[in-house]
Amino acid sequence: MVYTICIGSNEQRRDNLALARRRLKELFPDICFAEEEETKPLCCKRTAPFANQVARFRSDCPAEEVNALLKAIEREAGRKPEEKAREIIRLDIDLLACDTTAFKPEDMQREYVRRGLSQLER
């Protein structure tokens with residue numbers, strides 16, 4: 001199965017995205033990353049910019065297992081539920097799609113995701 005994910009952070013962005021890339025490479029050695037992109041917050045009042053990056057990899061693991069691994073990486077970066085109310089996103093790794101099934105179709109339409117997808121399709 002081919003998985004598409006998006007990584008994002010608005011707190012210690014460089015370190016948290018580096019951690020995510022490192023862990024993801026360990027788990028999914030064939031992972032390919034699009035370029036990292038800085039974006040303005042879409043749904044936050046907090047003005048801190050986000051760093052975002054789209055990636056794709058293959059895995060025989062079911063989506064639930066992949067998602068659990070992604071959430072474990074978020075926790076390793078220090079993500080805590082109570083910080084969400086303050087709009088601090090240390091690390092967010094969203095499972096956007098598996099093969100042709102979109103789990104977050106609205107996210108797939110975001111410009112930075114579309115740019116990342118086009119980079120990965122080259």
# chains A, B, ... in the order shown; residues from 1 in each chain; ligands from 1

$ residues_around --residues "stretch 18-22 of chain A" --least-positions-apart "3" --cutoff "12 Å" --atoms "only C-alpha atoms" --output "ChimeraX atom specification"
/A:5-9,12-15,25-36,51-57,69-78,90-94

$ select_by_dssp --residues "chain A" --states "alpha helix (DSSP H)" --output "PyMOL selection string"
chain A and resi 13-27+63-76+81-84+105-108+111-120

$ residues_around --residues "stretch 100-104 of chain A" --least-positions-apart "3" --cutoff "12 Å" --atoms "only C-alpha atoms" --output "ChimeraX atom specification"
/A:1-6,63-64,67,94-97,107-110,113

$ write_last_selection --atoms "N, CA, C and O atoms" --output "CSV table (one decimal), in the first residue's frame"
chain,number,residue,atom,x,y,z
A,1,MET,N,0.8,-1.2,0.0
A,1,MET,CA,0.0,0.0,0.0
A,1,MET,C,0.9,1.2,0.0
A,1,MET,O,1.9,1.3,0.6
A,2,VAL,N,0.4,2.3,-0.7
A,2,VAL,CA,1.1,3.6,-0.7
A,2,VAL,C,0.4,4.5,0.2
A,2,VAL,O,-0.8,4.8,0.0
A,3,TYR,N,1.2,5.1,1.2
A,3,TYR,CA,0.7,6.0,2.1
A,3,TYR,C,1.2,7.4,1.8
A,3,TYR,O,2.3,7.6,1.5
A,4,THR,N,0.3,8.4,2.0
A,4,THR,CA,0.6,9.8,1.8
A,4,THR,C,0.4,10.5,3.2
A,4,THR,O,-0.7,10.3,3.8
A,5,ILE,N,1.4,11.2,3.7
A,5,ILE,CA,1.3,11.9,5.0
A,5,ILE,C,1.7,13.3,4.8
A,5,ILE,O,2.4,13.7,3.8
A,6,CYS,N,1.3,14.1,5.8
A,6,CYS,CA,1.8,15.5,5.9
A,6,CYS,C,2.3,15.7,7.3
A,6,CYS,O,1.6,15.4,8.3
A,63,ALA,N,-3.7,0.7,7.8
A,63,ALA,CA,-3.7,2.1,8.1
A,63,ALA,C,-3.8,2.4,9.6
A,63,ALA,O,-3.1,3.4,10.1
A,64,GLU,N,-4.5,1.6,10.4
A,64,GLU,CA,-4.6,1.9,11.8
A,64,GLU,C,-3.2,1.7,12.5
A,64,GLU,O,-2.9,2.5,13.4
A,67,ASN,N,-1.1,4.7,11.5
A,67,ASN,CA,-1.5,5.9,12.2
A,67,ASN,C,-1.0,5.9,13.6
A,67,ASN,O,-0.6,6.9,14.2
A,94,ASP,N,-0.2,13.8,9.9
A,94,ASP,CA,-1.5,13.4,9.4
A,94,ASP,C,-1.4,12.4,8.3
A,94,ASP,O,-0.6,12.5,7.4
A,95,LEU,N,-2.2,11.3,8.5
A,95,LEU,CA,-2.3,10.3,7.4
A,95,LEU,C,-3.3,10.8,6.5
A,95,LEU,O,-4.5,10.9,6.8
A,96,LEU,N,-2.9,11.3,5.3
A,96,LEU,CA,-3.8,11.9,4.3
A,96,LEU,C,-4.5,10.8,3.5
A,96,LEU,O,-5.7,11.0,3.2
A,97,ALA,N,-3.7,9.8,3.0
A,97,ALA,CA,-4.3,8.8,2.1
A,97,ALA,C,-3.6,7.5,2.1
A,97,ALA,O,-2.4,7.5,2.5
A,107,ASP,N,-7.7,18.3,3.3
A,107,ASP,CA,-6.2,18.6,3.4
A,107,ASP,C,-5.6,18.3,2.1
A,107,ASP,O,-4.6,19.0,1.7
A,108,MET,N,-6.0,17.3,1.3
A,108,MET,CA,-5.4,17.0,0.0
A,108,MET,C,-5.6,18.1,-1.0
A,108,MET,O,-4.8,18.2,-1.9
A,109,GLN,N,-6.5,19.0,-0.7
A,109,GLN,CA,-6.8,20.2,-1.6
A,109,GLN,C,-6.0,21.4,-1.2
A,109,GLN,O,-6.0,22.4,-2.0
A,110,ARG,N,-5.3,21.4,-0.1
A,110,ARG,CA,-4.5,22.6,0.3
A,110,ARG,C,-3.4,22.8,-0.7
A,110,ARG,O,-2.7,21.8,-1.1
A,113,VAL,N,0.0,21.1,0.1
A,113,VAL,CA,-0.1,19.6,-0.1
A,113,VAL,C,0.0,19.3,-1.6
A,113,VAL,O,0.7,18.4,-2.0

$ atom_distance --atom1 "atom CA of A:Ala85" --atom2 "atom CA of A:Glu65"
26.9 Å

$ select_by_dssp --residues "stretch 23-122 of chain A" --states "strand (DSSP E)" --output "PyMOL selection string"
chain A and resi 32-33+37-39+50-58+92-98+101-102
